[in-house]
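Asker: File structure.txt below, compact mmCIF, C-alpha atoms:
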```
# COMPACT_ATOMS: atom_id res chain seq x y z
CA MET A 633 -26.88 -12.11 -0.40
CA GLU A 634 -29.65 -11.48 2.10
CA ASP A 635 -31.76 -14.52 2.74
CA GLU A 636 -34.72 -12.60 4.17
CA GLN A 637 -36.57 -12.29 0.84
CA LYS A 638 -36.52 -16.06 0.29
CA THR A 639 -39.55 -18.14 1.13
CA ARG A 640 -39.04 -21.35 3.11
CA VAL A 641 -41.83 -23.86 2.61
CA SER A 642 -42.10 -27.32 4.14
CA VAL A 643 -43.86 -29.84 1.94
CA ASP A 644 -44.53 -33.56 2.11
CA ILE A 645 -43.62 -35.60 -0.94
CA PHE A 646 -44.08 -39.38 -0.93
CA GLY A 647 -43.94 -39.52 2.86
CA GLN A 648 -40.86 -37.34 3.31
CA THR A 649 -40.70 -33.72 4.40
CA TYR A 650 -38.69 -31.27 2.31
CA THR A 651 -37.94 -27.63 3.01
CA ILE A 652 -37.87 -25.75 -0.25
CA VAL A 653 -36.10 -22.39 -0.18
CA GLY A 654 -36.58 -20.02 -3.07
CA ASP A 655 -38.12 -16.95 -4.62
CA GLU A 656 -41.44 -18.58 -5.42
CA SER A 657 -44.68 -18.06 -3.50
CA SER A 658 -45.52 -20.75 -1.00
CA SER A 659 -48.67 -21.61 -2.96
CA HIS A 660 -46.58 -22.24 -6.08
CA VAL A 661 -44.16 -24.45 -4.12
CA ARG A 662 -47.09 -26.40 -2.65
CA LEU A 663 -48.62 -26.89 -6.10
CA VAL A 664 -45.32 -28.19 -7.51
CA ALA A 665 -44.85 -30.51 -4.53
CA SER A 666 -48.34 -31.94 -4.85
CA MET A 667 -47.82 -32.57 -8.58
CA VAL A 668 -44.56 -34.42 -7.82
CA ASP A 669 -46.27 -36.37 -5.03
CA ASP A 670 -49.12 -37.36 -7.40
CA LYS A 671 -46.71 -38.46 -10.13
CA MET A 672 -44.63 -40.51 -7.67
CA ARG A 673 -47.74 -42.28 -6.36
CA GLU A 674 -48.91 -42.98 -9.90
CA ILE A 675 -45.53 -44.43 -10.93
CA SER A 676 -45.27 -46.38 -7.67
CA ALA A 677 -48.72 -47.91 -8.23
CA ARG A 678 -47.65 -49.09 -11.68
CA ASN A 679 -44.26 -50.37 -10.43
CA PRO A 680 -44.79 -51.60 -6.86
CA TYR A 681 -41.39 -53.32 -6.75
CA LEU A 682 -39.37 -50.09 -7.24
CA ASP A 683 -37.68 -48.32 -4.33
CA SER A 684 -38.42 -44.65 -3.73
CA ALA A 685 -35.12 -43.42 -5.24
CA LYS A 686 -35.96 -45.09 -8.56
CA ILE A 687 -39.56 -43.91 -8.40
CA ALA A 688 -38.25 -40.37 -7.92
CA VAL A 689 -35.83 -40.69 -10.85
CA LEU A 690 -38.62 -41.99 -13.11
CA THR A 691 -40.80 -39.10 -11.91
CA ALA A 692 -38.04 -36.70 -12.94
CA VAL A 693 -37.75 -38.46 -16.32
CA ASN A 694 -41.50 -38.13 -16.79
CA SER A 695 -41.45 -34.43 -15.87
CA VAL A 696 -38.54 -33.60 -18.17
CA HIS A 697 -40.34 -35.43 -20.98
CA ASP A 698 -43.49 -33.33 -20.38
CA TYR A 699 -41.27 -30.23 -20.27
CA LEU A 700 -39.78 -31.01 -23.69
CA LEU A 701 -43.26 -31.53 -25.18
CA LEU A 702 -44.26 -28.05 -23.99
CA LYS A 703 -41.02 -26.62 -25.40
CA GLU A 704 -41.89 -28.02 -28.82
CA LYS A 705 -45.38 -26.56 -28.52
CA ILE A 706 -43.87 -23.14 -27.71
CA GLU A 707 -41.70 -23.34 -30.81
CA ARG A 708 -44.78 -24.05 -32.94
CA LEU A 709 -46.74 -21.21 -31.34
CA GLU A 710 -43.87 -18.74 -31.77
CA GLU A 711 -43.54 -19.72 -35.41
CA GLU A 712 -47.24 -19.19 -35.94
CA LEU A 713 -47.05 -15.81 -34.16
CA ASN A 714 -44.13 -14.69 -36.29
CA LYS A 715 -46.02 -15.62 -39.45
CA LEU A 716 -49.08 -13.65 -38.34
CA LYS A 717 -46.96 -10.65 -37.43
CA GLY A 718 -45.44 -10.94 -40.90
CA MET B 910 -51.69 -54.69 -26.62
CA GLU B 911 -48.73 -55.69 -28.73
CA ASP B 912 -45.46 -54.67 -27.19
CA GLU B 913 -43.49 -54.85 -30.44
CA GLN B 914 -43.94 -51.18 -31.35
CA LYS B 915 -42.53 -50.01 -28.01
CA THR B 916 -38.92 -48.91 -27.78
CA ARG B 917 -36.81 -50.21 -24.91
CA VAL B 918 -33.87 -48.00 -24.11
CA SER B 919 -31.29 -48.51 -21.37
CA VAL B 920 -29.96 -45.28 -19.92
CA ASP B 921 -27.65 -44.36 -17.05
CA ILE B 922 -28.91 -41.76 -14.62
CA PHE B 923 -26.82 -40.81 -11.60
CA GLY B 924 -24.93 -44.09 -11.69
CA GLN B 925 -27.97 -46.36 -12.05
CA THR B 926 -29.21 -48.10 -15.17
CA TYR B 927 -32.88 -47.71 -16.12
CA THR B 928 -34.76 -49.40 -18.92
CA ILE B 929 -37.32 -46.99 -20.29
CA VAL B 930 -40.14 -48.56 -22.31
CA GLY B 931 -42.35 -46.31 -24.38
CA ASP B 932 -43.43 -44.88 -27.69
CA GLU B 933 -40.66 -42.31 -27.89
CA SER B 934 -37.58 -42.56 -30.10
CA SER B 935 -34.46 -43.78 -28.38
CA SER B 936 -32.75 -40.43 -29.08
CA HIS B 937 -35.54 -38.61 -27.25
CA VAL B 938 -35.30 -40.99 -24.28
CA ARG B 939 -31.52 -40.50 -24.17
CA LEU B 940 -31.90 -36.71 -24.26
CA VAL B 941 -34.42 -36.79 -21.39
CA ALA B 942 -32.17 -39.12 -19.37
CA SER B 943 -29.12 -36.92 -19.87
CA MET B 944 -31.09 -33.83 -18.79
CA VAL B 945 -32.21 -35.62 -15.61
CA ASP B 946 -28.66 -36.84 -14.98
CA ASP B 947 -27.31 -33.28 -15.39
CA LYS B 948 -29.93 -31.81 -13.05
CA MET B 949 -29.25 -34.50 -10.41
CA ARG B 950 -25.50 -33.83 -10.53
CA GLU B 951 -26.10 -30.09 -10.26
CA ILE B 952 -28.41 -30.49 -7.23
CA SER B 953 -26.05 -33.03 -5.66
CA ALA B 954 -23.09 -30.65 -6.04
CA ARG B 955 -25.06 -27.92 -4.23
CA ASN B 956 -26.30 -30.35 -1.52
CA PRO B 957 -23.56 -32.92 -0.98
CA TYR B 958 -25.19 -34.27 2.20
CA LEU B 959 -28.39 -35.43 0.46
CA ASP B 960 -29.01 -39.07 -0.44
CA SER B 961 -29.87 -39.97 -4.02
CA ALA B 962 -33.60 -40.46 -3.32
CA LYS B 963 -33.89 -36.89 -2.04
CA ILE B 964 -31.74 -35.56 -4.89
CA ALA B 965 -34.09 -37.30 -7.33
CA VAL B 966 -37.18 -35.83 -5.63
CA LEU B 967 -35.68 -32.32 -5.75
CA THR B 968 -34.83 -32.91 -9.41
CA ALA B 969 -38.48 -33.80 -10.03
CA VAL B 970 -39.56 -30.67 -8.11
CA ASN B 971 -37.22 -28.58 -10.23
CA SER B 972 -38.52 -30.13 -13.48
CA VAL B 973 -42.19 -29.66 -12.56
CA HIS B 974 -41.42 -26.04 -11.68
CA ASP B 975 -39.82 -25.50 -15.11
CA TYR B 976 -42.82 -27.25 -16.68
CA LEU B 977 -45.27 -24.84 -15.01
CA LEU B 978 -43.23 -21.83 -16.19
CA LEU B 979 -43.53 -23.09 -19.78
CA LYS B 980 -47.25 -23.67 -19.28
CA GLU B 981 -47.68 -20.02 -18.27
CA LYS B 982 -45.66 -18.96 -21.30
CA ILE B 983 -47.96 -21.04 -23.55
CA GLU B 984 -51.00 -19.32 -22.07
CA ARG B 985 -49.49 -15.91 -22.84
CA LEU B 986 -48.57 -16.95 -26.40
CA GLU B 987 -52.04 -18.40 -27.05
CA GLU B 988 -53.65 -15.22 -25.77
CA GLU B 989 -51.45 -13.14 -28.06
CA LEU B 990 -52.27 -15.42 -31.00
CA ASN B 991 -56.00 -15.19 -30.35
CA LYS B 992 -55.78 -11.39 -30.28
CA LEU B 993 -53.91 -11.31 -33.59
CA LYS B 994 -56.39 -13.69 -35.19
CA GLY B 995 -59.13 -11.36 -33.96
```
Please express what this file holds, its structure, as structure tokens.

Answerer:
Amino acid sequence: MEDEQKTRVSVDIFGQTYTIVGDESSSHVRLVASMVDDKMREISARNPYLDSAKIAVLTAVNSVHDYLLLKEKIERLEEELNKLKG
Amino acid sequence: MEDEQKTRVSVDIFGQTYTIVGDESSSHVRLVASMVDDKMREISARNPYLDSAKIAVLTAVNSVHDYLLLKEKIERLEEELNKLKG
């Protein structure tokens, strides 16, 4: 696979630099990184005794929870759409 | 606030035990934890040189990315629904 089409974006998350390689636009990668950074700072503020590995895991837990809520919402919307389409 | 209504669930994620306190059912918390654990193991297998804090941050990045994709899908579905409802 050619790597030339991939974007490489450096972002700062919770004081560390990460290089994210992928197919997404750099603005999308930066948005995602800033959302993760925000969530980590929020969780860290509420739990000042936690180390950054645990803060990151709880951030992931939080994000997957939000993801599942949206998935349920999609199921409801698709059901509603199917009813309307009859 | 009374704490009695909150569930406290202990889960293992990437070899560490976390106690998650919240309003969610314990089965939901366990599902979220196992999804985070799976994602961390997947990212760790692809990047064996990364420490667990970085693996957790990349897992959070991955989850927030998936979250944003669902959010876009919801916008499309809601637009379609609004059109059908006229």

Asker: At a cut-off of 10 Å, list the chain B residues touching chain A, using only C-alpha atoms, as number ranges by chain.

Answerer: B: 922-923, 925-927, 929, 933, 937-938, 940-946, 948-949, 960-980, 982-984, 986-987, 989-991, 993-994

Asker: Could you tell me how far CA of Glu951 in chain B sits from CA of Arg662 in chain A, in Å to one decimal place?

Answerer: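 CA of Glu951 in chain B lies 22.6 Å from CA of Arg662 in chain A.
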
Asker: What would you get as a PDB file with C-alpha atoms, in the frame of the given file if chain B were moved onto chain A by least squares over all of its C-alpha atoms in order?

Answerer:
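Saved file out02.pdb follows:
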```pdb
ATOM      1  CA  MET B 910     -26.955 -12.086  -0.372  1.00  0.00           C
ATOM      2  CA  GLU B 911     -29.702 -11.443   2.130  1.00  0.00           C
ATOM      3  CA  ASP B 912     -31.792 -14.495   2.782  1.00  0.00           C
ATOM      4  CA  GLU B 913     -34.770 -12.571   4.162  1.00  0.00           C
ATOM      5  CA  GLN B 914     -36.611 -12.304   0.840  1.00  0.00           C
ATOM      6  CA  LYS B 915     -36.515 -16.074   0.297  1.00  0.00           C
ATOM      7  CA  THR B 916     -39.546 -18.169   1.146  1.00  0.00           C
ATOM      8  CA  ARG B 917     -39.041 -21.369   3.118  1.00  0.00           C
ATOM      9  CA  VAL B 918     -41.816 -23.864   2.632  1.00  0.00           C
ATOM     10  CA  SER B 919     -42.089 -27.327   4.168  1.00  0.00           C
ATOM     11  CA  VAL B 920     -43.842 -29.837   1.948  1.00  0.00           C
ATOM     12  CA  ASP B 921     -44.520 -33.570   2.107  1.00  0.00           C
ATOM     13  CA  ILE B 922     -43.600 -35.596  -0.942  1.00  0.00           C
ATOM     14  CA  PHE B 923     -44.056 -39.362  -0.930  1.00  0.00           C
ATOM     15  CA  GLY B 924     -43.947 -39.513   2.852  1.00  0.00           C
ATOM     16  CA  GLN B 925     -40.851 -37.338   3.307  1.00  0.00           C
ATOM     17  CA  THR B 926     -40.695 -33.725   4.410  1.00  0.00           C
ATOM     18  CA  TYR B 927     -38.677 -31.276   2.300  1.00  0.00           C
ATOM     19  CA  THR B 928     -37.917 -27.651   3.015  1.00  0.00           C
ATOM     20  CA  ILE B 929     -37.862 -25.756  -0.248  1.00  0.00           C
ATOM     21  CA  VAL B 930     -36.083 -22.391  -0.165  1.00  0.00           C
ATOM     22  CA  GLY B 931     -36.558 -20.024  -3.064  1.00  0.00           C
ATOM     23  CA  ASP B 932     -38.095 -16.949  -4.598  1.00  0.00           C
ATOM     24  CA  GLU B 933     -41.415 -18.574  -5.407  1.00  0.00           C
ATOM     25  CA  SER B 934     -44.649 -18.050  -3.484  1.00  0.00           C
ATOM     26  CA  SER B 935     -45.494 -20.743  -0.991  1.00  0.00           C
ATOM     27  CA  SER B 936     -48.655 -21.598  -2.968  1.00  0.00           C
ATOM     28  CA  HIS B 937     -46.556 -22.241  -6.070  1.00  0.00           C
ATOM     29  CA  VAL B 938     -44.133 -24.443  -4.114  1.00  0.00           C
ATOM     30  CA  ARG B 939     -47.063 -26.393  -2.646  1.00  0.00           C
ATOM     31  CA  LEU B 940     -48.601 -26.890  -6.096  1.00  0.00           C
ATOM     32  CA  VAL B 941     -45.291 -28.179  -7.501  1.00  0.00           C
ATOM     33  CA  ALA B 942     -44.832 -30.506  -4.510  1.00  0.00           C
ATOM     34  CA  SER B 943     -48.334 -31.929  -4.837  1.00  0.00           C
ATOM     35  CA  MET B 944     -47.801 -32.558  -8.568  1.00  0.00           C
ATOM     36  CA  VAL B 945     -44.557 -34.426  -7.818  1.00  0.00           C
ATOM     37  CA  ASP B 946     -46.260 -36.378  -5.030  1.00  0.00           C
ATOM     38  CA  ASP B 947     -49.112 -37.358  -7.390  1.00  0.00           C
ATOM     39  CA  LYS B 948     -46.718 -38.451 -10.142  1.00  0.00           C
ATOM     40  CA  MET B 949     -44.637 -40.511  -7.674  1.00  0.00           C
ATOM     41  CA  ARG B 950     -47.744 -42.284  -6.359  1.00  0.00           C
ATOM     42  CA  GLU B 951     -48.918 -42.980  -9.903  1.00  0.00           C
ATOM     43  CA  ILE B 952     -45.531 -44.441 -10.938  1.00  0.00           C
ATOM     44  CA  SER B 953     -45.280 -46.389  -7.678  1.00  0.00           C
ATOM     45  CA  ALA B 954     -48.740 -47.909  -8.215  1.00  0.00           C
ATOM     46  CA  ARG B 955     -47.673 -49.097 -11.688  1.00  0.00           C
ATOM     47  CA  ASN B 956     -44.279 -50.376 -10.413  1.00  0.00           C
ATOM     48  CA  PRO B 957     -44.806 -51.606  -6.862  1.00  0.00           C
ATOM     49  CA  TYR B 958     -41.396 -53.325  -6.748  1.00  0.00           C
ATOM     50  CA  LEU B 959     -39.392 -50.105  -7.229  1.00  0.00           C
ATOM     51  CA  ASP B 960     -37.690 -48.318  -4.339  1.00  0.00           C
ATOM     52  CA  SER B 961     -38.433 -44.651  -3.736  1.00  0.00           C
ATOM     53  CA  ALA B 962     -35.135 -43.424  -5.238  1.00  0.00           C
ATOM     54  CA  LYS B 963     -35.950 -45.101  -8.552  1.00  0.00           C
ATOM     55  CA  ILE B 964     -39.565 -43.906  -8.412  1.00  0.00           C
ATOM     56  CA  ALA B 965     -38.259 -40.363  -7.916  1.00  0.00           C
ATOM     57  CA  VAL B 966     -35.843 -40.684 -10.858  1.00  0.00           C
ATOM     58  CA  LEU B 967     -38.636 -41.975 -13.120  1.00  0.00           C
ATOM     59  CA  THR B 968     -40.811 -39.095 -11.919  1.00  0.00           C
ATOM     60  CA  ALA B 969     -38.044 -36.686 -12.941  1.00  0.00           C
ATOM     61  CA  VAL B 970     -37.758 -38.462 -16.319  1.00  0.00           C
ATOM     62  CA  ASN B 971     -41.501 -38.135 -16.791  1.00  0.00           C
ATOM     63  CA  SER B 972     -41.455 -34.419 -15.873  1.00  0.00           C
ATOM     64  CA  VAL B 973     -38.539 -33.600 -18.188  1.00  0.00           C
ATOM     65  CA  HIS B 974     -40.351 -35.435 -20.984  1.00  0.00           C
ATOM     66  CA  ASP B 975     -43.486 -33.327 -20.397  1.00  0.00           C
ATOM     67  CA  TYR B 976     -41.266 -30.230 -20.282  1.00  0.00           C
ATOM     68  CA  LEU B 977     -39.770 -31.010 -23.710  1.00  0.00           C
ATOM     69  CA  LEU B 978     -43.254 -31.537 -25.194  1.00  0.00           C
ATOM     70  CA  LEU B 979     -44.243 -28.050 -23.998  1.00  0.00           C
ATOM     71  CA  LYS B 980     -41.009 -26.637 -25.403  1.00  0.00           C
ATOM     72  CA  GLU B 981     -41.896 -28.033 -28.837  1.00  0.00           C
ATOM     73  CA  LYS B 982     -45.379 -26.568 -28.516  1.00  0.00           C
ATOM     74  CA  ILE B 983     -43.856 -23.144 -27.716  1.00  0.00           C
ATOM     75  CA  GLU B 984     -41.703 -23.349 -30.832  1.00  0.00           C
ATOM     76  CA  ARG B 985     -44.782 -24.063 -32.956  1.00  0.00           C
ATOM     77  CA  LEU B 986     -46.748 -21.213 -31.340  1.00  0.00           C
ATOM     78  CA  GLU B 987     -43.866 -18.751 -31.786  1.00  0.00           C
ATOM     79  CA  GLU B 988     -43.537 -19.738 -35.428  1.00  0.00           C
ATOM     80  CA  GLU B 989     -47.258 -19.197 -35.949  1.00  0.00           C
ATOM     81  CA  LEU B 990     -47.066 -15.827 -34.183  1.00  0.00           C
ATOM     82  CA  ASN B 991     -44.129 -14.699 -36.302  1.00  0.00           C
ATOM     83  CA  LYS B 992     -46.029 -15.616 -39.471  1.00  0.00           C
ATOM     84  CA  LEU B 993     -49.086 -13.645 -38.360  1.00  0.00           C
ATOM     85  CA  LYS B 994     -46.967 -10.640 -37.439  1.00  0.00           C
ATOM     86  CA  GLY B 995     -45.442 -10.889 -40.912  1.00  0.00           C
TER      87      GLY B 995
END
```

Asker: What separation in Å, quoted to one decimal, exists between CA of Ser935 in chain B and CA of Arg917 in chain B?

Answerer: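 It comes out at 7.7 Å.
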
Asker: Is it possible to get the axis-aligned box enclosing range 677-691 of chain A (all listed atoms, 3 Å extra per side) as AutoDock Vina command-line options, with centre and edge lengths in Å rounded to one decimal?

Answerer:
```
--center_x -41.9 --center_y -46.2 --center_z -8.4 --size_x 19.6 --size_y 20.2 --size_z 15.4
```

Asker: Find the distance between CA of Gln914 in chain B and CA of Asp932 in chain B and write it in Å to one decimal.

Answerer: 7.3 Å
